[in-house]
>>> print(open('data23.txt').read())   # compact mmCIF, C-alpha atoms
# COMPACT_ATOMS: atom_id res chain seq x y z
CA MET A 271 22.63 12.52 6.28
CA LYS A 272 19.41 12.97 8.19
CA GLY A 273 18.18 16.55 7.94
CA ASP A 274 20.09 17.42 4.77
CA ARG A 275 18.21 19.34 2.11
CA PHE A 276 18.69 18.99 -1.64
CA PRO A 277 17.50 21.08 -4.58
CA SER A 278 14.06 20.48 -5.98
CA GLU A 279 13.79 17.84 -8.70
CA HIS A 280 10.34 19.01 -9.77
CA SER A 281 9.16 19.14 -13.37
CA THR A 282 5.81 18.95 -15.14
CA ARG A 283 4.48 17.42 -18.33
CA ARG A 284 1.10 17.11 -20.01
CA ASP A 285 -0.39 13.64 -19.88
CA PRO A 286 -0.79 12.42 -23.48
CA ALA A 287 -4.14 10.74 -22.76
CA THR A 288 -6.00 13.26 -20.58
CA GLY A 289 -4.02 16.49 -20.84
CA ALA A 290 -3.63 16.61 -17.07
CA SER A 291 -0.56 18.31 -15.66
CA VAL A 292 1.55 15.49 -14.17
CA HIS A 293 4.18 16.58 -11.66
CA GLN A 294 7.41 14.59 -11.52
CA LEU A 295 8.77 15.10 -8.01
CA THR A 296 12.02 13.11 -8.15
CA SER A 297 14.62 12.53 -10.86
CA HIS A 298 17.56 10.90 -9.08
CA PRO A 299 18.92 7.81 -10.94
CA SER A 300 17.78 5.41 -8.23
CA ILE A 301 14.56 3.79 -7.01
CA ASN A 302 12.18 6.42 -5.59
CA HIS A 303 8.57 5.69 -4.74
CA PRO A 304 5.73 6.90 -2.48
CA SER A 305 4.18 4.86 0.31
CA TYR A 306 2.16 1.73 -0.31
CA PHE A 307 -1.30 2.25 -1.79
CA LEU A 308 -2.96 1.59 1.60
CA GLN A 309 -1.33 4.72 3.05
CA SER A 310 -1.24 8.36 2.02
CA SER A 311 2.22 9.71 1.21
CA PHE A 312 1.17 13.27 2.03
CA THR A 313 1.20 15.11 5.33
CA PRO A 314 -2.37 15.93 6.39
CA ASP A 315 -1.90 19.63 5.64
CA GLY A 316 -0.64 18.82 2.14
CA SER A 317 2.59 20.73 2.62
CA SER A 318 4.92 17.76 2.09
CA LEU A 319 5.00 14.42 0.33
CA LEU A 320 7.01 11.58 1.86
CA PHE A 321 8.75 8.97 -0.25
CA SER A 322 11.31 6.18 0.01
CA SER A 323 14.55 6.45 -1.95
CA TYR A 324 17.63 4.30 -2.49
CA ARG A 325 19.71 7.34 -3.53
CA SER A 326 21.95 7.06 -0.47
CA GLY A 327 22.64 3.36 -1.10
CA THR A 328 19.95 1.92 1.19
CA PRO A 329 16.21 2.64 1.36
CA GLN A 330 15.61 5.71 3.50
CA LEU A 331 12.75 8.15 4.02
CA PHE A 332 12.74 11.55 2.30
CA ALA A 333 10.21 14.35 1.84
CA VAL A 334 9.36 16.86 -0.86
CA GLU A 335 8.85 20.02 1.18
CA SER A 336 6.59 22.88 0.08
CA PHE A 337 4.87 20.41 -2.23
CA PRO A 338 5.07 20.18 -5.17
CA GLU A 339 8.01 22.42 -6.10
CA GLY A 340 10.04 22.61 -2.91
CA PRO A 341 13.38 21.08 -1.91
CA ILE A 342 13.93 17.48 -0.87
CA ARG A 343 14.85 16.68 2.72
CA GLN A 344 16.31 13.43 4.04
CA LEU A 345 14.37 12.21 7.09
CA THR A 346 16.19 8.98 8.09
CA ASP A 347 19.64 7.47 7.78
CA GLY A 348 21.42 4.46 9.27
CA PRO A 349 19.96 0.94 8.91
CA SER A 350 17.60 0.40 5.99
CA ILE A 351 13.92 1.02 6.44
CA HIS A 352 11.20 -1.17 4.95
CA PRO A 353 10.65 1.04 1.87
CA PHE A 354 6.88 0.46 1.69
CA SER A 355 6.26 0.74 5.43
CA PRO A 356 5.87 4.49 6.23
CA ALA A 357 2.42 5.25 7.66
CA MET A 358 1.48 8.84 8.46
CA GLU A 359 -0.20 9.63 11.76
CA ARG A 360 -3.49 11.49 11.35
CA ASP A 361 -2.32 14.63 13.12
CA GLY A 362 0.74 14.84 10.85
CA ARG A 363 3.22 15.05 13.70
CA ALA A 364 4.93 11.73 13.07
CA VAL A 365 5.31 8.85 10.68
CA VAL A 366 5.59 5.18 11.69
CA PHE A 367 7.88 2.82 9.79
CA VAL A 368 9.64 -0.55 10.00
CA ARG A 369 13.28 -1.54 10.26
CA ALA A 370 13.65 -5.35 10.17
CA GLY A 371 11.89 -6.60 13.32
CA GLN A 372 11.37 -3.13 14.78
CA ILE A 373 8.67 -0.47 14.47
CA TRP A 374 9.83 3.13 14.83
CA ARG A 375 8.09 6.48 15.16
CA LEU A 376 9.70 9.55 13.56
CA CYS A 377 8.79 13.07 14.69
CA LEU A 378 8.63 15.12 11.49
CA LYS A 379 9.50 18.39 13.24
CA THR A 380 12.61 17.28 15.12
CA LEU A 381 13.44 14.06 13.17
CA GLU A 382 13.78 12.32 16.54
CA GLU A 383 13.17 8.57 16.26
CA THR A 384 11.48 6.59 19.02
CA LEU A 385 11.45 2.80 19.12
CA VAL A 386 7.87 1.55 19.44
CA VAL A 387 8.56 -2.19 19.66
CA ASP A 388 11.45 -4.57 18.98
CA LEU A 389 10.42 -8.09 18.01
CA GLY A 390 13.97 -9.30 17.58
CA ASP A 391 14.79 -11.60 14.67
CA ALA A 392 11.49 -11.11 12.87
CA SER A 393 10.25 -9.84 9.53
CA LEU A 394 7.56 -7.18 9.67
CA GLY A 395 5.30 -5.92 6.93
CA GLU A 396 3.98 -2.40 6.54
CA PRO A 397 2.13 -1.16 9.67
CA SER A 398 -1.46 0.00 9.77
CA LEU A 399 -2.64 2.54 12.34
CA SER A 400 -6.05 2.63 13.97
CA ALA A 401 -8.29 5.58 13.12
CA GLY A 402 -7.66 7.11 16.52
CA GLY A 403 -3.91 6.67 16.13
CA ASP A 404 -3.45 4.70 19.36
CA TRP A 405 -2.83 1.24 17.90
CA ALA A 406 -0.70 -0.34 15.20
CA VAL A 407 -0.68 -3.74 13.55
CA ALA A 408 1.66 -5.40 11.06
CA ALA A 409 2.12 -8.79 9.48
CA VAL A 410 4.96 -10.72 11.09
CA LYS A 411 7.07 -13.79 10.47
CA LYS A 412 9.10 -14.93 13.45
CA ASP A 413 10.74 -18.28 14.27
CA GLY A 414 9.26 -19.73 11.10
CA ARG A 415 5.72 -18.85 12.15
CA HIS A 416 3.29 -16.34 10.69
CA GLY A 417 0.89 -13.98 12.35
CA LEU A 418 -0.02 -10.42 13.24
CA ALA A 419 1.90 -8.18 15.64
CA ALA A 420 -0.43 -5.73 17.37
CA GLY A 421 -0.04 -3.21 20.15
CA PRO A 422 -0.22 0.44 21.21
CA LEU A 423 2.06 3.09 19.74
CA ALA A 424 2.93 3.91 23.34
CA GLY A 425 5.03 0.75 23.11
CA ARG A 426 3.79 -1.54 25.89
CA GLY A 427 1.51 -4.54 25.61
CA TRP A 428 2.51 -5.77 22.15
CA HIS A 429 1.68 -9.36 21.29
CA ILE A 430 1.80 -11.70 18.30
CA ILE A 431 -1.43 -13.32 17.12
CA PRO A 432 -0.43 -16.58 15.39
CA PHE A 433 -1.93 -17.67 12.09
CA PRO A 434 -1.07 -20.88 10.19
CA ARG A 435 -0.42 -19.20 6.83
CA THR A 436 1.26 -16.07 5.48
CA VAL A 437 -0.44 -12.86 6.62
CA ILE A 438 -0.62 -9.84 4.29
CA HIS A 439 -1.81 -6.24 4.72
CA PRO A 440 -3.62 -6.21 8.10
CA GLN A 441 -5.81 -3.13 8.51
CA PHE A 442 -7.87 -1.71 11.38
CA HIS A 443 -11.59 -1.29 10.88
CA PRO A 444 -12.19 2.48 10.50
CA LEU A 445 -15.14 2.52 12.93
CA GLU A 446 -14.44 -0.42 15.23
CA PRO A 447 -10.72 -0.35 16.16
CA GLU A 448 -10.92 -3.64 18.05
CA TRP A 449 -11.35 -5.39 14.67
CA ILE A 450 -8.54 -6.08 12.19
CA GLU A 451 -9.04 -7.29 8.62
CA PHE A 452 -6.16 -9.16 6.99
CA ALA A 453 -5.32 -11.24 3.95
CA ALA A 454 -3.89 -14.74 3.93
CA ASP A 455 -1.89 -16.70 1.39
CA PRO A 456 -2.96 -19.02 -0.16
CA ALA A 457 -6.76 -18.80 -0.47
CA PRO A 458 -9.15 -18.27 1.16
CA ARG A 459 -7.89 -14.70 1.36
CA MET A 460 -10.00 -12.38 3.53
CA PHE A 461 -10.21 -12.76 7.32
CA ARG A 462 -10.97 -10.69 10.37
CA ILE A 463 -9.86 -10.98 13.98
CA ARG A 464 -10.14 -8.89 17.11
CA ARG A 465 -7.12 -6.99 18.31
CA ASP A 466 -6.84 -9.30 21.32
CA GLY A 467 -6.66 -12.37 19.06
CA SER A 468 -10.24 -13.56 19.49
CA GLY A 469 -13.07 -13.85 16.97
CA LEU A 470 -11.09 -15.20 14.00
CA GLU A 471 -13.41 -15.51 11.00
CA CYS A 472 -13.07 -16.02 7.27
CA LEU A 473 -15.02 -13.29 5.50
CA TYR A 474 -15.22 -14.92 2.09
CA GLU A 475 -14.39 -18.49 1.03
CA ASN A 476 -12.68 -17.93 -2.30
CA THR A 477 -10.49 -20.57 -3.96
CA ASN A 478 -7.07 -20.23 -5.60
CA ASP A 479 -8.85 -19.95 -8.95
CA GLU A 480 -10.63 -16.75 -7.85
CA PHE A 481 -7.78 -14.25 -7.71
CA VAL A 482 -8.93 -11.97 -4.87
CA VAL A 483 -6.38 -9.21 -4.19
CA HIS A 484 -5.86 -5.76 -2.66
CA GLU A 485 -8.87 -5.74 -0.34
CA THR A 486 -9.27 -2.61 1.77
CA PHE A 487 -11.97 -0.70 3.61
CA LEU A 488 -14.33 1.46 1.58
CA GLY A 489 -13.44 4.68 3.36
CA ARG A 490 -15.31 5.20 6.61
CA THR A 491 -18.24 2.99 5.59
CA GLY A 492 -16.74 -0.06 7.30
CA ASP A 493 -17.40 -2.27 4.28
CA LEU A 494 -14.66 -3.79 2.13
CA VAL A 495 -13.78 -3.44 -1.53
CA TYR A 496 -11.54 -5.86 -3.37
CA THR A 497 -10.57 -6.89 -6.86
CA VAL A 498 -11.03 -10.26 -8.51
CA TRP A 499 -8.07 -9.96 -10.81
CA PRO A 500 -8.30 -9.01 -13.62
CA HIS A 501 -12.04 -9.07 -14.01
CA ALA A 502 -13.94 -6.87 -11.56
CA LEU A 503 -14.18 -4.67 -8.51
CA TRP A 504 -16.42 -5.99 -5.72
CA LEU A 505 -17.90 -4.77 -2.43
CA LEU A 506 -18.26 -6.99 0.66
CA ASP A 507 -20.68 -5.94 3.41
CA TRP A 508 -18.84 -6.16 6.75
CA GLN A 509 -22.00 -7.14 8.65
CA THR A 510 -23.91 -9.41 6.29
CA ARG A 511 -21.07 -10.73 4.06
CA GLU A 512 -23.25 -9.90 1.07
CA ARG A 513 -21.18 -9.25 -2.05
CA ARG A 514 -22.01 -6.71 -4.75
CA LEU A 515 -20.36 -6.23 -8.11
CA LEU A 516 -19.30 -2.60 -8.51
CA CYS A 517 -17.93 -2.79 -12.02
CA GLU A 518 -16.25 -5.10 -14.50
CA PHE A 519 -12.82 -3.57 -14.96
CA ASN A 520 -9.18 -4.56 -14.49
CA ALA A 521 -8.80 -2.38 -11.40
CA TRP A 522 -5.54 -3.44 -9.74
CA HIS A 523 -4.30 -1.59 -6.63
CA ILE A 524 -7.27 0.27 -5.11
CA ALA A 525 -7.55 3.24 -2.73
CA PRO A 526 -11.06 4.46 -1.80
CA ASP A 527 -11.77 8.03 -0.75
CA ALA A 528 -12.77 8.70 2.87
CA ALA A 529 -16.50 8.97 2.09
CA GLY A 530 -16.53 5.69 0.22
CA THR A 531 -17.95 7.28 -2.94
CA ARG A 532 -14.94 6.81 -5.24
CA VAL A 533 -12.24 4.21 -5.68
CA LEU A 534 -8.87 5.22 -7.07
CA CYS A 535 -7.05 2.48 -8.97
CA ASP A 536 -4.23 1.68 -11.35
CA THR A 537 -4.64 -0.90 -14.12
CA ASN A 538 -2.56 -3.62 -15.73
CA HIS A 539 -2.83 -6.03 -18.68
CA PRO A 540 -3.62 -3.72 -20.25
CA ASP A 541 -2.31 -0.67 -18.40
CA LEU A 542 -4.90 1.96 -19.20
CA GLY A 543 -3.68 4.39 -16.55
CA LEU A 544 -5.03 5.65 -13.23
CA PHE A 545 -8.80 5.87 -12.79
CA LEU A 546 -11.49 7.08 -10.41
CA ILE A 547 -14.44 4.68 -10.17
CA ASN A 548 -17.84 5.93 -8.99
CA VAL A 549 -19.04 3.41 -6.38
CA ALA A 550 -22.74 4.14 -6.95
CA THR A 551 -22.71 3.78 -10.74
CA GLY A 552 -19.51 1.92 -11.64
CA ALA A 553 -18.63 4.69 -14.11
CA ARG A 554 -14.98 5.63 -14.31
CA ARG A 555 -12.80 8.56 -15.27
CA ARG A 556 -9.16 8.40 -16.25
CA LEU A 557 -6.78 10.73 -14.42
CA CYS A 558 -3.61 10.04 -16.37
CA LEU A 559 -1.39 7.29 -17.73
CA SER A 560 1.07 5.55 -15.44
CA GLU A 561 3.55 4.42 -18.13
CA SER A 562 5.06 2.05 -15.56
CA SER A 563 6.46 -1.37 -16.48
CA ASN A 564 4.17 -3.20 -13.99
CA GLN A 565 6.50 -6.18 -13.78
CA GLY A 566 5.42 -9.64 -12.65
CA SER A 567 4.40 -12.56 -14.84
CA GLN A 568 1.66 -13.59 -12.43
CA TRP A 569 -0.40 -10.54 -13.32
CA ARG A 570 -0.90 -12.04 -16.77
CA THR A 571 -2.99 -14.84 -15.26
CA SER A 572 -6.29 -14.95 -13.39
CA ARG A 573 -5.27 -17.32 -10.58
CA TYR A 574 -2.97 -17.30 -7.58
CA ALA A 575 0.60 -18.39 -8.12
CA LEU A 576 1.15 -22.15 -7.71
CA PRO A 577 4.12 -23.89 -6.02
CA GLU A 578 5.91 -24.27 -9.34
CA ASP A 579 5.65 -20.50 -9.86
CA PHE A 580 7.29 -19.97 -6.49
CA ALA A 581 10.05 -22.45 -7.30
CA ARG A 582 10.90 -20.54 -10.46
CA ALA A 583 10.94 -17.27 -8.52
CA GLN A 584 13.28 -18.66 -5.88
CA SER A 585 15.67 -19.92 -8.52
CA THR A 586 15.90 -16.58 -10.32
CA ALA A 587 15.73 -13.91 -7.62
CA LEU A 588 16.87 -13.10 -4.12
CA THR A 589 13.77 -13.11 -1.93
CA GLY A 590 15.60 -12.40 1.32
CA LYS A 591 13.26 -12.39 4.30
CA ALA A 592 10.16 -11.41 2.39
CA LEU A 593 6.99 -12.13 4.33
CA SER A 594 5.37 -13.87 1.40
CA TRP A 595 6.45 -15.12 -1.94
CA MET A 596 3.45 -13.18 -3.28
CA GLU A 597 5.29 -10.03 -2.17
CA ALA A 598 8.84 -11.28 -2.71
CA GLY A 599 9.81 -8.57 -5.17
CA THR A 600 10.71 -10.95 -8.00
CA ASP A 601 10.35 -10.61 -11.73
CA THR A 602 9.14 -14.18 -12.10
CA VAL A 603 5.99 -14.10 -10.01
CA TYR A 604 4.59 -10.85 -8.66
CA GLY A 605 7.30 -8.50 -9.80
CA PRO A 606 9.30 -5.77 -8.08
CA GLN A 607 6.79 -3.70 -6.16
CA TRP A 608 8.51 -0.45 -7.16
CA THR A 609 7.53 -1.08 -10.79
CA HIS A 610 3.82 -0.81 -9.83
CA PRO A 611 2.10 2.62 -9.58
CA HIS A 612 0.36 2.06 -6.20
CA PRO A 613 -1.69 5.30 -6.41
CA SER A 614 -2.96 6.94 -3.23
CA PHE A 615 -4.88 10.10 -2.29
CA SER A 616 -3.69 13.11 -0.37
CA PHE A 617 -5.66 13.62 2.85
CA ASP A 618 -7.83 16.29 1.20
CA GLU A 619 -8.15 14.06 -1.88
CA ALA A 620 -7.08 16.90 -4.15
CA TRP A 621 -3.96 15.03 -5.30
CA VAL A 622 -2.93 11.51 -6.23
CA ALA A 623 0.63 10.26 -5.77
CA PHE A 624 1.99 7.33 -7.75
CA ALA A 625 5.20 5.68 -8.94
CA SER A 626 6.40 5.06 -12.48
CA ASP A 627 9.61 3.71 -13.97
CA ARG A 628 8.84 5.13 -17.40
CA THR A 629 12.23 6.89 -17.48
CA GLY A 630 14.20 3.74 -16.55
CA TYR A 631 14.26 4.49 -12.81
CA THR A 632 11.19 4.52 -10.59
CA GLN A 633 10.28 8.11 -9.72
CA VAL A 634 7.55 9.81 -7.69
CA TYR A 635 4.71 11.56 -9.52
CA ALA A 636 1.58 13.45 -8.54
CA VAL A 637 -1.51 14.48 -10.47
CA GLU A 638 -4.19 16.90 -9.37
CA VAL A 639 -7.76 15.57 -9.07
CA ALA A 640 -10.44 17.73 -10.68
CA ASN A 641 -13.37 18.89 -8.53
CA GLU A 642 -15.84 16.60 -10.25
CA GLN A 643 -16.55 13.36 -8.44
CA GLY A 644 -15.54 11.01 -11.25
CA GLY A 645 -18.02 9.20 -13.47
>>> encode(input="data23.txt", output="structure tokens")
Amino acid sequence: MKGDRFPSEHSTRRDPATGASVHQLTSHPSINHPSYFLQSSFTPDGSSLLFSSYRSGTPQLFAVESFPEGPIRQLTDGPSIHPFSPAMERDGRAVVFVRAGQIWRLCLKTLEETLVVDLGDASLGEPSLSAGGDWAVAAVKKDGRHGLAAGPLAGRGWHIIPFPRTVIHPQFHPLEPEWIEFAADPAPRMFRIRRDGSGLECLYENTNDEFVVHETFLGRTGDLVYTVWPHALWLLDWQTRERRLLCEFNAWHIAPDAAGTRVLCDTNHPDLGLFLINVATGARRRLCLSESSNQGSQWRTSRYALPEDFARAQSTALTGKALSWMEAGTDTVYGPQWTHPHPSFSFDEAWVAFASDRTGYTQVYAVEVANEQGG
């Protein structure tokens, strides 16, 4: 039940590759994972780490209190939440998350839930909050149509911006909150649009043979970083559209620091672990191994999935109301998302949270980041 506390599940082990002390924060025989790599799982003061867990039978939100060794508290109950949707507000007072076609706001002190917007029979992706915390945006599929749902957290004035293809991972510009960057499926991938629906523009005309994924803003610089899977990490200038190769490496899910000087990433095919990449030099430093299964046959290729890949996925897995077959949670194409590490920083960037199913069940882990800047 909401508000219940459970004993700590904390343990530590030495990473076999780097010797770092890796903290295992959950051990329940169910799926447990932190937020998506585009969001921090930590409260801003670092006192708690939020995670999604299926331990009660449906995905709900929990927290490790007095991080890293404290008890576990259940924060939501009732209808399932979107397990990768929780997004922490900057002041740490509340977290925003999705249930089906609804966006909710949870007060972390009282556990009171407030409905932000109800879009009815719709599928919503994980929300992104503007830097000032006033606005939210999420990918949406409603009445067979795709787009972006955007509006104020105060709850009034929400609207859907239509788009002819699947929308993935919309994000507010960190310095110009009227701009939203988002990905589309299939290629070309990277677009931007104003919050009011004007100014639609393709940022980079890639083809389906150039596997652009996991684009995000390079901290507060306003520029974008993205991977061309599995070859390299690139930078895209927001103003000029000039591209710059940062390093040749199989960086997978990426999370830059706030200053834009380092990029945190996991790796796959081969899985070499979690790394910090120095943006100025391209040098990298390994934090620890992930030892996750990283499922998804598509990650063994260097192109987007084709229609025949999707057909195989549909025939072998239940995709439900997934926004995109790229994110459908299937073994055949992109794989269950909870089998991917999805590393992310704490707000002070002293810790990295990630997921791993190395024990057979996906659990939540954290590793401390050394003071050096990486590389």
>>> residues_around(input="data23.txt", residues="Val387 of chain A", least_positions_apart="5", cutoff="9 Å", atoms="all atoms listed in the file", output="NGL selection string")
:A and (371-374 or 421 or 423 or 425-426 or 428)
>>> atom_distance(input="data23.txt", atom1="atom CA of Asn548 of chain A", atom2="atom CA of Leu534 of chain A")
9.2 Å
>>> atom_distance(input="data23.txt", atom1="atom CA of Arg363 of chain A", atom2="atom CA of Leu319 of chain A")
13.5 Å
>>> closest_residue(input="data23.txt", among="A:Ser350, A:Gln568, A:Thr328, A:Thr436", to="Ile301 of chain A", atoms="only C-alpha atoms")
A:Thr328
>>> atom_distance(input="data23.txt", atom1="atom CA of Ile342 of chain A", atom2="atom CA of Gly402 of chain A")
29.6 Å
>>> axis_aligned_box(input="data23.txt", around="segment 614-629 of chain A", padding_each_side="4 Å", output="AutoDock Vina command-line options")
--center_x 2.0 --center_y 10.3 --center_z -7.3 --size_x 28.4 --size_y 21.2 --size_z 28.3
>>> closest_residue(input="data23.txt", among="A:Pro611, A:Lys379, A:Gly630, A:Arg556", to="Ala287 of chain A", atoms="only C-alpha atoms")
A:Arg556
>>> residues_around(input="data23.txt", residues="segment 495-508 of chain A", least_positions_apart="4", cutoff="6 Å", atoms="only C-alpha atoms", output="PDB file with C-alpha atoms, in the frame of the given file")
ATOM      1  CA  PHE A 481      -7.780 -14.250  -7.710  1.00  0.00           C
ATOM      2  CA  VAL A 482      -8.930 -11.970  -4.870  1.00  0.00           C
ATOM      3  CA  VAL A 483      -6.380  -9.210  -4.190  1.00  0.00           C
ATOM      4  CA  HIS A 484      -5.860  -5.760  -2.660  1.00  0.00           C
ATOM      5  CA  GLU A 485      -8.870  -5.740  -0.340  1.00  0.00           C
ATOM      6  CA  THR A 486      -9.270  -2.610   1.770  1.00  0.00           C
ATOM      7  CA  LEU A 488     -14.330   1.460   1.580  1.00  0.00           C
ATOM      8  CA  GLU A 512     -23.250  -9.900   1.070  1.00  0.00           C
ATOM      9  CA  ARG A 513     -21.180  -9.250  -2.050  1.00  0.00           C
ATOM     10  CA  ARG A 514     -22.010  -6.710  -4.750  1.00  0.00           C
ATOM     11  CA  LEU A 515     -20.360  -6.230  -8.110  1.00  0.00           C
ATOM     12  CA  LEU A 516     -19.300  -2.600  -8.510  1.00  0.00           C
ATOM     13  CA  CYS A 517     -17.930  -2.790 -12.020  1.00  0.00           C
ATOM     14  CA  GLU A 518     -16.250  -5.100 -14.500  1.00  0.00           C
ATOM     15  CA  PHE A 519     -12.820  -3.570 -14.960  1.00  0.00           C
ATOM     16  CA  ASN A 520      -9.180  -4.560 -14.490  1.00  0.00           C
ATOM     17  CA  SER A 572      -6.290 -14.950 -13.390  1.00  0.00           C
TER      18      SER A 572
END
>>> closest_residue(input="data23.txt", among="A:Ser400, A:Asn564, A:Ser355, A:Thr313", to="Trp608 of chain A", atoms="all atoms listed in the file")
A:Asn564
>>> closest_atom_pairs(input="data23.txt", of="segment 319-432 of chain A", to="segment 631-636 of chain A", cutoff="12 Å", atoms="all atoms listed in the file", output="JSON lines")
{"residue": "A:Leu319", "atom": "CA", "partner": "A:Ala636", "partner_atom": "CA", "distance": 9.6}
{"residue": "A:Leu320", "atom": "CA", "partner": "A:Val634", "partner_atom": "CA", "distance": 9.7}
{"residue": "A:Phe321", "atom": "CA", "partner": "A:Val634", "partner_atom": "CA", "distance": 7.6}
{"residue": "A:Ser322", "atom": "CA", "partner": "A:Val634", "partner_atom": "CA", "distance": 9.3}
{"residue": "A:Ser323", "atom": "CA", "partner": "A:Gln633", "partner_atom": "CA", "distance": 9.0}
{"residue": "A:Tyr324", "atom": "CA", "partner": "A:Thr632", "partner_atom": "CA", "distance": 10.4}
{"residue": "A:Arg325", "atom": "CA", "partner": "A:Tyr631", "partner_atom": "CA", "distance": 11.1}
{"residue": "A:Phe332", "atom": "CA", "partner": "A:Val634", "partner_atom": "CA", "distance": 11.4}
{"residue": "A:Ala333", "atom": "CA", "partner": "A:Val634", "partner_atom": "CA", "distance": 10.9}
{"residue": "A:Val334", "atom": "CA", "partner": "A:Val634", "partner_atom": "CA", "distance": 10.0}
{"residue": "A:Phe337", "atom": "CA", "partner": "A:Ala636", "partner_atom": "CA", "distance": 10.0}
{"residue": "A:Pro338", "atom": "CA", "partner": "A:Ala636", "partner_atom": "CA", "distance": 8.3}
{"residue": "A:Glu339", "atom": "CA", "partner": "A:Ala636", "partner_atom": "CA", "distance": 11.3}
>>> residues_around(input="data23.txt", residues="Gly467 of chain A", least_positions_apart="2", cutoff="10 Å", atoms="only C-alpha atoms", output="list in words")
Leu418, Ala420, His429, Ile430, Ile431, Pro432, Phe433, Glu448, Trp449, Ile450, Arg462, Ile463, Arg464, Arg465, Gly469 and Leu470 of chain A
>>> residues_around(input="data23.txt", residues="Pro353 of chain A", least_positions_apart="4", cutoff="12 Å", atoms="only C-alpha atoms", output="ChimeraX atom specification")
/A:301-306,320-324,328-332,346,349,357,366-370,394-397,599,607-608
>>> closest_residue(input="data23.txt", among="A:Gly348, A:Trp621, A:Pro613, A:Pro447", to="Ser318 of chain A", atoms="all atoms listed in the file")
A:Trp621
>>> residues_around(input="data23.txt", residues="Gly492 of chain A", least_positions_apart="6", cutoff="9 Å", atoms="all atoms listed in the file", output="PyMOL selection string")
chain A and resi 443-446+507-509
>>> closest_residue(input="data23.txt", among="A:Cys558, A:Ala392, A:Val639, A:Val365", to="Ser626 of chain A", atoms="all atoms listed in the file")
A:Cys558
